[in-house]
>>> print(open('work.cif').read())   # mmCIF, C-alpha atoms and all ligand atoms
data_entry
loop_
_atom_site.label_atom_id
_atom_site.label_comp_id
_atom_site.auth_asym_id
_atom_site.auth_seq_id
_atom_site.Cartn_x
_atom_site.Cartn_y
_atom_site.Cartn_z
CA MET Z 1 -27.38 1.04 -30.92
CA LYS Z 2 -23.70 1.83 -30.58
CA LEU Z 3 -21.76 2.36 -27.35
CA PHE Z 4 -19.12 5.09 -27.51
CA THR Z 5 -19.05 4.90 -23.71
CA VAL Z 6 -16.04 4.19 -21.50
CA GLY Z 7 -17.50 1.11 -19.90
CA PRO Z 8 -19.24 -1.08 -20.54
CA VAL Z 9 -17.92 -0.55 -24.05
CA GLU Z 10 -19.30 -1.82 -27.36
CA PRO Z 11 -18.73 -5.58 -26.97
CA TYR Z 12 -16.80 -7.87 -29.33
CA PRO Z 13 -18.66 -10.91 -30.77
CA CYS Z 14 -16.14 -13.30 -29.14
CA THR Z 15 -17.35 -12.30 -25.67
CA ARG Z 16 -21.04 -12.57 -26.62
CA GLN Z 17 -20.47 -16.07 -28.00
CA VAL Z 18 -19.57 -17.29 -24.52
CA TYR Z 19 -23.28 -17.20 -23.67
CA GLU Z 20 -24.26 -19.47 -26.54
CA LYS Z 21 -22.37 -22.32 -24.91
CA GLU Z 22 -22.90 -24.02 -21.56
CA ILE Z 23 -20.99 -22.49 -18.67
CA PRO Z 24 -19.67 -25.25 -16.39
CA TYR Z 25 -19.50 -25.20 -12.59
CA PHE Z 26 -16.46 -23.48 -11.11
CA ARG Z 27 -15.15 -25.56 -8.17
CA THR Z 28 -13.41 -27.77 -10.69
CA ALA Z 29 -9.95 -28.36 -12.10
CA GLU Z 30 -11.32 -27.18 -15.46
CA TYR Z 31 -12.23 -23.74 -14.08
CA SER Z 32 -8.89 -23.48 -12.24
CA ALA Z 33 -7.12 -24.10 -15.53
CA LEU Z 34 -9.20 -21.36 -17.17
CA VAL Z 35 -8.28 -18.90 -14.38
CA GLN Z 36 -4.61 -19.85 -14.59
CA ARG Z 37 -4.65 -19.27 -18.36
CA CYS Z 38 -6.25 -15.83 -17.95
CA MET Z 39 -4.18 -14.66 -14.98
CA THR Z 40 -0.90 -15.73 -16.53
CA ARG Z 41 -1.59 -13.72 -19.67
CA LEU Z 42 -2.81 -10.68 -17.71
CA GLY Z 43 0.30 -10.81 -15.51
CA LYS Z 44 2.47 -10.70 -18.62
CA TYR Z 45 0.47 -7.80 -20.09
CA LEU Z 46 0.78 -5.89 -16.80
CA GLY Z 47 4.54 -6.38 -16.55
CA LEU Z 48 3.95 -7.93 -13.13
CA GLU Z 49 7.00 -9.44 -11.39
CA GLU Z 50 7.35 -13.25 -11.43
CA ASP Z 51 6.73 -13.29 -7.68
CA GLY Z 52 3.97 -10.69 -7.81
CA ARG Z 53 0.36 -11.84 -7.43
CA LEU Z 54 -2.96 -11.13 -9.11
CA ILE Z 55 -6.32 -11.52 -7.39
CA TYR Z 56 -9.85 -10.70 -8.49
CA TYR Z 57 -13.30 -9.97 -7.09
CA ALA Z 58 -16.89 -10.20 -8.23
CA ALA Z 59 -17.20 -6.42 -7.83
CA SER Z 60 -17.02 -3.32 -9.98
CA GLY Z 61 -13.78 -1.32 -10.10
CA THR Z 62 -14.55 0.62 -6.94
CA GLY Z 63 -14.47 -2.68 -5.03
CA ALA Z 64 -10.85 -3.21 -6.06
CA MET Z 65 -10.03 0.41 -5.11
CA GLU Z 66 -11.46 -0.17 -1.66
CA ALA Z 67 -9.71 -3.55 -1.36
CA ALA Z 68 -6.32 -1.94 -2.04
CA ILE Z 69 -6.86 0.77 0.56
CA ASP Z 70 -8.30 -1.55 3.19
CA ASN Z 71 -5.53 -4.16 2.90
CA LEU Z 72 -2.49 -2.02 2.26
CA LEU Z 73 -2.91 1.13 4.31
CA SER Z 74 -3.27 1.58 8.04
CA PRO Z 75 -4.66 4.58 9.94
CA THR Z 76 -1.68 4.58 12.31
CA GLU Z 77 1.28 3.66 10.11
CA ASP Z 78 0.53 5.27 6.76
CA LYS Z 79 0.15 8.67 5.19
CA ALA Z 80 -1.03 8.83 1.59
CA LEU Z 81 -0.67 11.41 -1.15
CA VAL Z 82 -3.55 11.25 -3.61
CA ILE Z 83 -3.97 12.94 -6.98
CA ASN Z 84 -7.51 14.29 -7.26
CA GLY Z 85 -8.13 15.46 -10.82
CA GLY Z 86 -11.82 14.58 -11.07
CA THR Z 87 -14.56 12.17 -10.05
CA PHE Z 88 -12.32 9.13 -9.61
CA GLY Z 89 -9.63 11.01 -7.70
CA ALA Z 90 -12.40 12.27 -5.42
CA ARG Z 91 -13.52 8.65 -4.95
CA PHE Z 92 -10.03 7.66 -3.73
CA CYS Z 93 -10.16 10.58 -1.25
CA GLN Z 94 -13.58 9.48 -0.03
CA LEU Z 95 -12.42 5.88 0.49
CA LEU Z 96 -9.30 7.07 2.34
CA THR Z 97 -11.47 9.21 4.59
CA GLN Z 98 -13.88 6.34 5.26
CA HIS Z 99 -11.00 4.04 6.17
CA ARG Z 100 -9.44 6.79 8.33
CA ILE Z 101 -6.16 6.81 6.41
CA PRO Z 102 -4.31 10.12 6.88
CA HIS Z 103 -3.91 11.67 3.44
CA THR Z 104 -3.14 14.82 1.51
CA GLU Z 105 -5.19 15.62 -1.53
CA LEU Z 106 -3.39 17.08 -4.53
CA LYS Z 107 -6.39 18.70 -6.18
CA LEU Z 108 -6.36 19.91 -9.78
CA THR Z 109 -8.72 22.56 -11.08
CA THR Z 110 -10.81 22.07 -14.24
CA GLY Z 111 -8.49 21.75 -17.22
CA GLU Z 112 -5.31 21.82 -15.11
CA ALA Z 113 -2.51 19.47 -16.24
CA LEU Z 114 -0.51 17.59 -13.57
CA GLY Z 115 3.19 18.53 -13.69
CA PRO Z 116 6.35 18.13 -11.63
CA GLU Z 117 5.56 21.44 -9.92
CA HIS Z 118 2.56 19.80 -8.23
CA LEU Z 119 4.65 16.96 -6.81
CA ALA Z 120 7.79 18.88 -5.77
CA PRO Z 121 6.30 20.50 -2.62
CA HIS Z 122 5.38 17.01 -1.36
CA ALA Z 123 8.85 15.47 -1.65
CA ASP Z 124 10.12 14.32 1.77
CA GLY Z 125 6.62 14.93 3.12
CA GLY Z 126 6.56 11.83 5.32
CA TYR Z 127 4.27 9.93 2.96
CA THR Z 128 4.21 6.14 2.63
CA ALA Z 129 2.01 5.79 -0.47
CA LEU Z 130 0.87 7.59 -3.60
CA LEU Z 131 -2.55 6.87 -5.10
CA VAL Z 132 -3.50 7.90 -8.62
CA ASN Z 133 -6.16 7.16 -11.22
CA LEU Z 134 -3.63 7.09 -14.04
CA HIS Z 135 -6.27 7.99 -16.60
CA GLU Z 136 -8.77 10.26 -14.82
CA THR Z 137 -11.72 9.05 -16.87
CA SER Z 138 -13.99 11.92 -15.84
CA THR Z 139 -11.82 14.46 -17.69
CA GLY Z 140 -9.74 12.32 -20.06
CA GLN Z 141 -6.41 13.41 -18.55
CA LEU Z 142 -3.67 10.78 -18.74
CA TYR Z 143 -1.03 11.44 -16.10
CA ASP Z 144 2.67 10.85 -16.71
CA LEU Z 145 3.42 7.36 -15.37
CA GLY Z 146 7.19 7.89 -15.65
CA MET Z 147 7.08 11.12 -13.64
CA LEU Z 148 4.91 9.58 -10.92
CA GLY Z 149 7.03 6.41 -10.81
CA ARG Z 150 10.22 8.44 -10.35
CA PHE Z 151 8.62 10.47 -7.56
CA CYS Z 152 7.59 7.26 -5.78
CA ARG Z 153 11.04 5.74 -6.16
CA GLU Z 154 12.79 8.89 -4.88
CA ASN Z 155 10.47 9.11 -1.88
CA ASN Z 156 10.15 5.39 -1.25
CA LEU Z 157 6.36 5.41 -1.64
CA LEU Z 158 4.09 2.46 -2.27
CA PHE Z 159 2.83 3.27 -5.78
CA ILE Z 160 -0.88 2.42 -6.08
CA VAL Z 161 -2.32 2.90 -9.56
CA ASP Z 162 -5.96 2.73 -10.60
CA ALA Z 163 -5.34 1.80 -14.23
CA ILE Z 164 -8.97 0.92 -14.89
CA SER Z 165 -9.35 3.03 -18.02
CA THR Z 166 -5.76 2.88 -19.31
CA PHE Z 167 -4.57 -0.74 -18.94
CA MET Z 168 -5.10 -2.56 -22.27
CA VAL Z 169 -5.64 0.80 -24.01
CA ASP Z 170 -2.38 2.73 -23.48
CA PRO Z 171 1.16 1.37 -22.92
CA TYR Z 172 1.54 0.31 -19.28
CA ASN Z 173 4.16 -1.68 -17.41
CA MET Z 174 4.39 -2.19 -13.66
CA GLN Z 175 8.05 -3.19 -13.45
CA GLN Z 176 9.25 -0.50 -15.83
CA HIS Z 177 7.64 2.26 -13.77
CA GLY Z 178 7.94 0.76 -10.31
CA VAL Z 179 4.19 0.30 -9.84
CA ASP Z 180 3.38 -1.74 -6.72
CA VAL Z 181 -0.38 -2.10 -7.09
CA THR Z 182 -2.51 -2.04 -10.22
CA ILE Z 183 -6.29 -1.87 -9.99
CA PHE Z 184 -8.37 -2.64 -13.08
CA SER Z 185 -11.81 -3.92 -13.97
CA SER Z 186 -13.61 -5.92 -16.62
CA GLN Z 187 -15.80 -3.34 -18.32
CA LYS Z 188 -13.25 -0.74 -19.50
CA GLY Z 189 -10.03 -1.59 -21.39
CA LEU Z 190 -10.68 -5.32 -21.21
CA CYS Z 191 -13.99 -4.80 -23.10
CA LEU Z 192 -15.95 -7.35 -21.03
CA SER Z 193 -19.23 -7.21 -19.12
CA ALA Z 194 -19.19 -5.22 -15.88
CA GLY Z 195 -18.79 -7.08 -12.60
CA MET Z 196 -15.21 -8.22 -12.17
CA SER Z 197 -12.25 -6.26 -10.81
CA PHE Z 198 -8.62 -7.08 -10.19
CA VAL Z 199 -5.72 -6.11 -7.94
CA ALA Z 200 -2.16 -6.87 -9.08
CA LEU Z 201 0.42 -6.81 -6.29
CA SER Z 202 4.19 -6.45 -6.55
CA ARG Z 203 6.56 -8.17 -4.13
CA LYS Z 204 6.83 -4.90 -2.22
CA ALA Z 205 3.04 -4.58 -1.98
CA LEU Z 206 2.73 -8.13 -0.66
CA HIS Z 207 5.15 -7.20 2.13
CA HIS Z 208 3.44 -3.89 2.84
CA GLN Z 209 0.04 -5.42 3.69
CA ARG Z 210 -0.83 -3.94 7.04
CA GLY Z 211 -4.44 -2.88 6.85
CA ARG Z 212 -7.29 -4.52 8.69
CA LYS Z 213 -6.99 -8.27 8.83
CA VAL Z 214 -10.57 -8.81 10.02
CA CYS Z 215 -12.85 -10.98 7.97
CA SER Z 216 -13.98 -8.90 5.07
CA TYR Z 217 -15.11 -9.66 1.53
CA PHE Z 218 -12.07 -7.87 0.20
CA GLU Z 219 -9.46 -9.35 2.54
CA PHE Z 220 -6.33 -10.18 0.48
CA ASN Z 221 -4.93 -13.17 2.39
CA ASP Z 222 -7.91 -15.43 1.80
CA SER Z 223 -7.87 -14.53 -1.90
CA LEU Z 224 -4.12 -15.05 -2.15
CA THR Z 225 -4.34 -18.48 -0.52
CA ASN Z 226 -7.20 -19.55 -2.77
CA MET Z 227 -5.39 -18.30 -5.87
CA GLU Z 228 -2.58 -20.76 -5.15
CA ARG Z 229 -4.98 -23.31 -6.69
CA TRP Z 230 -6.56 -20.69 -9.02
CA GLN Z 231 -9.77 -20.46 -6.98
CA THR Z 232 -11.50 -17.68 -5.00
CA PRO Z 233 -12.97 -17.72 -1.46
CA PHE Z 234 -16.36 -16.60 -2.79
CA THR Z 235 -18.32 -17.27 -5.97
CA PRO Z 236 -16.53 -15.51 -8.82
CA ALA Z 237 -18.10 -13.88 -11.90
CA VAL Z 238 -17.81 -17.19 -13.73
CA ALA Z 239 -19.25 -16.08 -17.06
CA ILE Z 240 -17.01 -13.00 -17.22
CA MET Z 241 -13.96 -15.24 -16.71
CA HIS Z 242 -15.04 -17.10 -19.84
CA GLU Z 243 -15.43 -13.77 -21.63
CA LEU Z 244 -11.93 -12.82 -20.51
CA ASP Z 245 -10.46 -16.01 -21.89
CA ALA Z 246 -12.21 -15.41 -25.23
CA MET Z 247 -11.11 -11.76 -25.34
CA LEU Z 248 -7.45 -12.52 -24.56
CA THR Z 249 -7.44 -15.20 -27.25
CA TYR Z 250 -8.93 -12.69 -29.69
CA ILE Z 251 -6.27 -10.09 -28.80
CA GLU Z 252 -3.55 -12.68 -29.35
CA ALA Z 253 -5.01 -13.46 -32.76
CA GLN Z 254 -4.72 -9.73 -33.58
CA GLY Z 255 -0.97 -9.92 -32.92
CA GLY Z 256 -0.80 -9.58 -29.14
CA LEU Z 257 -0.92 -6.57 -26.87
CA PRO Z 258 1.41 -4.13 -28.71
CA ALA Z 259 -0.51 -4.70 -31.96
CA TRP Z 260 -3.79 -4.35 -30.08
CA LEU Z 261 -2.74 -1.02 -28.54
CA GLU Z 262 -1.76 0.21 -31.98
CA ILE Z 263 -5.24 -0.63 -33.34
CA ILE Z 264 -6.84 1.46 -30.57
CA ARG Z 265 -4.34 4.31 -30.99
CA ARG Z 266 -5.06 4.53 -34.73
CA ARG Z 267 -8.83 4.44 -34.16
CA CYS Z 268 -8.47 7.22 -31.60
CA LEU Z 269 -6.26 9.40 -33.83
CA TYR Z 270 -8.62 8.86 -36.76
CA PHE Z 271 -11.51 10.19 -34.68
CA ARG Z 272 -9.58 13.22 -33.41
CA ASN Z 273 -8.28 14.19 -36.85
CA LYS Z 274 -11.69 13.77 -38.47
CA ALA Z 275 -13.46 15.65 -35.68
CA GLU Z 276 -11.04 18.58 -35.84
CA ALA Z 277 -11.14 18.66 -39.64
CA ALA Z 278 -14.95 18.88 -39.34
CA GLY Z 279 -14.64 21.93 -37.06
CA LEU Z 280 -15.23 20.20 -33.74
CA THR Z 281 -13.00 21.00 -30.76
CA VAL Z 282 -10.96 18.35 -28.97
CA CYS Z 283 -10.05 19.47 -25.45
CA ARG Z 284 -6.25 19.56 -25.36
CA ASP Z 285 -5.70 21.14 -21.96
CA TYR Z 286 -3.73 18.06 -20.84
CA PRO Z 287 -2.30 14.79 -22.25
CA LEU Z 288 -5.00 12.34 -23.35
CA SER Z 289 -5.44 8.58 -23.14
CA ASN Z 290 -6.27 6.58 -26.26
CA MET Z 291 -9.35 5.43 -24.39
CA LEU Z 292 -11.36 8.58 -24.92
CA THR Z 293 -11.59 11.97 -26.53
CA PRO Z 294 -13.00 14.88 -24.55
CA LEU Z 295 -14.94 17.00 -27.03
CA LEU Z 296 -15.81 20.63 -26.27
CA THR Z 297 -19.23 21.43 -27.64
CA GLY Z 298 -18.97 25.22 -27.92
CA ARG Z 299 -22.35 26.91 -28.07
CA ALA Z 300 -24.22 23.59 -28.13
CA ASP Z 301 -25.32 22.27 -24.73
CA ALA Z 302 -23.34 19.07 -24.15
CA HIS Z 303 -25.99 17.46 -22.01
CA GLU Z 304 -28.72 18.09 -24.60
CA LEU Z 305 -26.43 16.70 -27.27
CA PHE Z 306 -25.81 13.57 -25.20
CA LEU Z 307 -29.59 13.02 -24.92
CA GLN Z 308 -30.25 13.68 -28.61
CA LEU Z 309 -27.44 11.40 -29.80
CA SER Z 310 -29.02 8.47 -27.99
CA SER Z 311 -32.66 9.23 -28.73
CA GLN Z 312 -32.22 10.17 -32.40
CA PHE Z 313 -29.24 8.05 -33.47
CA GLY Z 314 -28.85 5.32 -30.84
CA PHE Z 315 -25.32 6.56 -30.13
CA TYR Z 316 -24.37 6.50 -26.46
CA VAL Z 317 -21.53 8.82 -25.44
CA ASN Z 318 -20.49 9.94 -21.93
CA PRO Z 319 -21.69 13.25 -20.58
CA CYS Z 320 -19.54 15.11 -18.03
CA GLY Z 321 -20.23 16.24 -14.51
CA GLY Z 322 -19.12 19.37 -12.70
CA GLU Z 323 -18.07 22.56 -14.43
CA ARG Z 324 -18.04 20.95 -17.87
CA ALA Z 325 -21.46 19.28 -17.65
CA HIS Z 326 -22.82 21.56 -20.38
CA SER Z 327 -19.68 22.07 -22.45
CA MET Z 328 -17.95 18.70 -22.84
CA LEU Z 329 -18.71 15.16 -24.02
CA ARG Z 330 -16.45 12.14 -23.72
CA ILE Z 331 -16.18 9.76 -26.67
CA SER Z 332 -14.71 6.30 -26.05
CA HIS Z 333 -12.50 4.49 -28.55
CA ALA Z 334 -12.28 1.21 -26.66
CA GLY Z 335 -14.55 -1.64 -27.67
CA ASN Z 336 -15.78 -2.99 -30.97
CA LEU Z 337 -15.78 0.26 -32.96
CA THR Z 338 -14.54 1.07 -36.46
CA ASP Z 339 -13.50 4.22 -38.30
CA ALA Z 340 -16.90 4.09 -40.01
CA ASP Z 341 -18.51 4.30 -36.57
CA SER Z 342 -16.38 7.38 -35.82
CA ASP Z 343 -17.51 8.95 -39.11
CA ALA Z 344 -21.15 8.23 -38.28
CA LEU Z 345 -20.85 9.76 -34.81
CA ILE Z 346 -19.13 12.90 -36.12
CA ALA Z 347 -21.82 13.26 -38.81
CA ALA Z 348 -24.54 12.92 -36.15
CA ILE Z 349 -22.91 15.58 -33.95
CA LEU Z 350 -22.62 17.93 -36.93
CA THR Z 351 -26.29 17.36 -37.84
CA LEU Z 352 -27.36 18.21 -34.29
CA THR Z 353 -25.12 21.26 -33.89
CA HIS Z 354 -25.52 23.01 -37.27
C1 LIG C 401 -14.74 3.22 -14.17
C2 LIG C 401 -13.66 3.63 -13.25
C3 LIG C 401 -13.62 3.18 -11.91
C4 LIG C 401 -14.57 2.21 -11.30
O1 LIG C 401 -15.87 2.44 -11.45
P1 LIG C 401 -16.92 1.26 -11.17
O2 LIG C 401 -18.19 1.86 -11.58
O3 LIG C 401 -16.85 0.93 -9.74
O4 LIG C 401 -16.49 0.09 -12.01
C5 LIG C 401 -12.58 3.60 -11.13
N1 LIG C 401 -11.62 4.40 -11.60
C6 LIG C 401 -11.61 4.83 -12.87
C7 LIG C 401 -10.48 5.70 -13.32
C8 LIG C 401 -12.62 4.46 -13.74
O5 LIG C 401 -12.61 4.89 -15.00
#
>>> encode(input="work.cif", output="structure tokens", more="lines below")
Ligand SMILES: *Cc1c(COP(=O)(O)O)cnc(C)c1O
Amino acid sequence: MKLFTVGPVEPYPCTRQVYEKEIPYFRTAEYSALVQRCMTRLGKYLGLEEDGRLIYYAASGTGAMEAAIDNLLSPTEDKALVINGGTFGARFCQLLTQHRIPHTELKLTTGEALGPEHLAPHADGGYTALLVNLHETSTGQLYDLGMLGRFCRENNLLFIVDAISTFMVDPYNMQQHGVDVTIFSSQKGLCLSAGMSFVALSRKALHHQRGRKVCSYFEFNDSLTNMERWQTPFTPAVAIMHELDAMLTYIEAQGGLPAWLEIIRRRCLYFRNKAEAAGLTVCRDYPLSNMLTPLLTGRADAHELFLQLSSQFGFYVNPCGGERAHSMLRISHAGNLTDADSDALIAAILTLTH
């Protein structure tokens, strides 16, 4: 079996090895030291300010999305602009609606690339925050972080980025682009098991907190206080923290984050070049993340192909929803995959489509 899926991704042996050892209890100085080690390295990789903060939950990525909205935005004081370019953009809209946060949806049509012309009409629109899924995983579109960061700076918006499928895969830096909040989770770019999600907060975000302060699982203040001694109010995903430590150590051994990103970029370009040389069609309607390649399947039914790849070859890829459910597949390049794996997948697709 091979996972060419966006998350969970094909795991690295270093994260599996965690389960061969004993996993100690977590209300200990030893666990605090482990958390400190992990959070410090992640903060550096994020480009988080010295006085910014990083908290985490035993929850999938959507939990962190909801946490950000619930803690940072208020129904009476805020008005959000949200980029909706697919499933995850729609999820932000849904969460904003549920939390009664006034918002305007900037909706893209299938295959439409986000440009400055989409943002311009919303300048000086009385907004207080911009929310974006920087890599809209459902389509593969990677939005322009620089363009969005400039727009937020010019309009004094709290810049909230769901970087779940781009952090640790594409270049990303909070300070460089004025990002106030970064949301990410364990099972995508970090290549760990599913079940842990994170919220990184800039100084500005820490001051902006004005959502509900009632007792809630996702309430920031309790987490922030506990993190002063590298603990959490509730039981964390202890085993995944051990995976994270192992993974970050592995990435460092590969030369650190820039070298790691280059490995993924090369793997991704190898796949795209090979696929196109073999006559397959990479969707190039918009800029792409190194995380995944959207592949247009032409006359072949994409959903059928997705089923056959798993049943006949043990290759799991991501199908699409919506208008492209029958015409596009998404192939992930994150995780423990090699160029030989890319070759094998392309060969399998050719076998099934010719
Ligand atoms: C995977 C993903 C999420 C979170 O999904 P969960 O299933 O809750 O982990 C959110 N946003 C984006 C862009 C994603 O790719």
>>> atom_distance(input="work.cif", atom1="CA of Pro11 in chain Z", atom2="CA of Tyr56 in chain Z")
21.1 Å
>>> residues_near_ligand(input="work.cif", ligand="ligand LIG 401 (chain C)", cutoff="9 Å", atoms="only C-alpha atoms and all ligand atoms", output="PyMOL selection string")
chain Z and resi 6-8+59-65+87-89+91-92+132-138+162-166+183-188+194-197
>>> closest_residue(input="work.cif", among="Z:Glu219, Z:Glu117, Z:Glu30, Z:Asp144", to="Ala68 in chain Z", atoms="all atoms listed in the file")
Z:Glu219
>>> atom_distance(input="work.cif", atom1="CA of Asp180 in chain Z", atom2="CA of Pro236 in chain Z")
24.3 Å
>>> residues_around(input="work.cif", residues="Arg324 in chain Z", least_positions_apart="5", cutoff="10 Å", atoms="all atoms listed in the file", output="PDB file with C-alpha atoms, in the frame of the given file")
ATOM      1  CA  THR Z 110     -10.810  22.070 -14.240  1.00  0.00           C
ATOM      2  CA  GLY Z 111      -8.490  21.750 -17.220  1.00  0.00           C
ATOM      3  CA  THR Z 139     -11.820  14.460 -17.690  1.00  0.00           C
ATOM      4  CA  LEU Z 296     -15.810  20.630 -26.270  1.00  0.00           C
ATOM      5  CA  THR Z 297     -19.230  21.430 -27.640  1.00  0.00           C
ATOM      6  CA  ALA Z 302     -23.340  19.070 -24.150  1.00  0.00           C
ATOM      7  CA  HIS Z 303     -25.990  17.460 -22.010  1.00  0.00           C
ATOM      8  CA  PRO Z 319     -21.690  13.250 -20.580  1.00  0.00           C
ATOM      9  CA  LEU Z 329     -18.710  15.160 -24.020  1.00  0.00           C
TER      10      LEU Z 329
END
>>> atom_distance(input="work.cif", atom1="CA of Ala239 in chain Z", atom2="CA of Leu3 in chain Z")
21.3 Å
>>> residues_around(input="work.cif", residues="Met241 in chain Z", least_positions_apart="6", cutoff="9 Å", atoms="only C-alpha atoms", output="PyMOL selection string")
chain Z and resi 34-35+38+196
>>> closest_residue(input="work.cif", among="Z:Thr5, Z:Gln175, Z:Ser223, Z:Ser310", to="Thr235 in chain Z", atoms="all atoms listed in the file")
Z:Ser223
>>> closest_residue(input="work.cif", among="Z:Asn71, Z:Glu50, Z:Tyr45, Z:Val161", to="Ser216 in chain Z", atoms="only C-alpha atoms")
Z:Asn71
>>> residues_around(input="work.cif", residues="Ile101 in chain Z", least_positions_apart="5", cutoff="8 Å", atoms="only C-alpha atoms", output="ChimeraX atom specification")
/Z:73-76,78-80,96
>>> write_last_selection(input="work.cif", atoms="C-alpha atoms", output="PDB file, in the coordinates of the input")
ATOM      1  CA  LEU Z  73      -2.910   1.130   4.310  1.00  0.00           C
ATOM      2  CA  SER Z  74      -3.270   1.580   8.040  1.00  0.00           C
ATOM      3  CA  PRO Z  75      -4.660   4.580   9.940  1.00  0.00           C
ATOM      4  CA  THR Z  76      -1.680   4.580  12.310  1.00  0.00           C
ATOM      5  CA  ASP Z  78       0.530   5.270   6.760  1.00  0.00           C
ATOM      6  CA  LYS Z  79       0.150   8.670   5.190  1.00  0.00           C
ATOM      7  CA  ALA Z  80      -1.030   8.830   1.590  1.00  0.00           C
ATOM      8  CA  LEU Z  96      -9.300   7.070   2.340  1.00  0.00           C
TER       9      LEU Z  96
END
>>> residues_around(input="work.cif", residues="His99 in chain Z", least_positions_apart="4", cutoff="8 Å", atoms="all atoms listed in the file", output="list in words")
Ile69, Asp70, Pro75 and Leu95 of chain Z
>>> write_last_selection(input="work.cif", atoms="C-alpha atoms", output="PDB file, in the coordinates of the input")
ATOM      1  CA  ILE Z  69      -6.860   0.770   0.560  1.00  0.00           C
ATOM      2  CA  ASP Z  70      -8.300  -1.550   3.190  1.00  0.00           C
ATOM      3  CA  PRO Z  75      -4.660   4.580   9.940  1.00  0.00           C
ATOM      4  CA  LEU Z  95     -12.420   5.880   0.490  1.00  0.00           C
TER       5      LEU Z  95
END
>>> closest_residue(input="work.cif", among="Z:Ile264, Z:Val82, Z:Cys93, Z:Ala277", to="Phe159 in chain Z", atoms="only C-alpha atoms")
Z:Val82
>>> closest_residue(input="work.cif", among="Z:Leu48, Z:Val169, Z:Leu309, Z:Ile349", to="Ser332 in chain Z", atoms="all atoms listed in the file")
Z:Val169
>>> residues_around(input="work.cif", residues="Ala90 in chain Z", least_positions_apart="6", cutoff="9 Å", atoms="only C-alpha atoms", output="ChimeraX atom specification")
/Z:83-84,105,107
>>> closest_residue(input="work.cif", among="Z:Ser311, Z:Pro294, Z:Thr182, Z:Tyr12", to="Phe167 in chain Z", atoms="only C-alpha atoms")
Z:Thr182
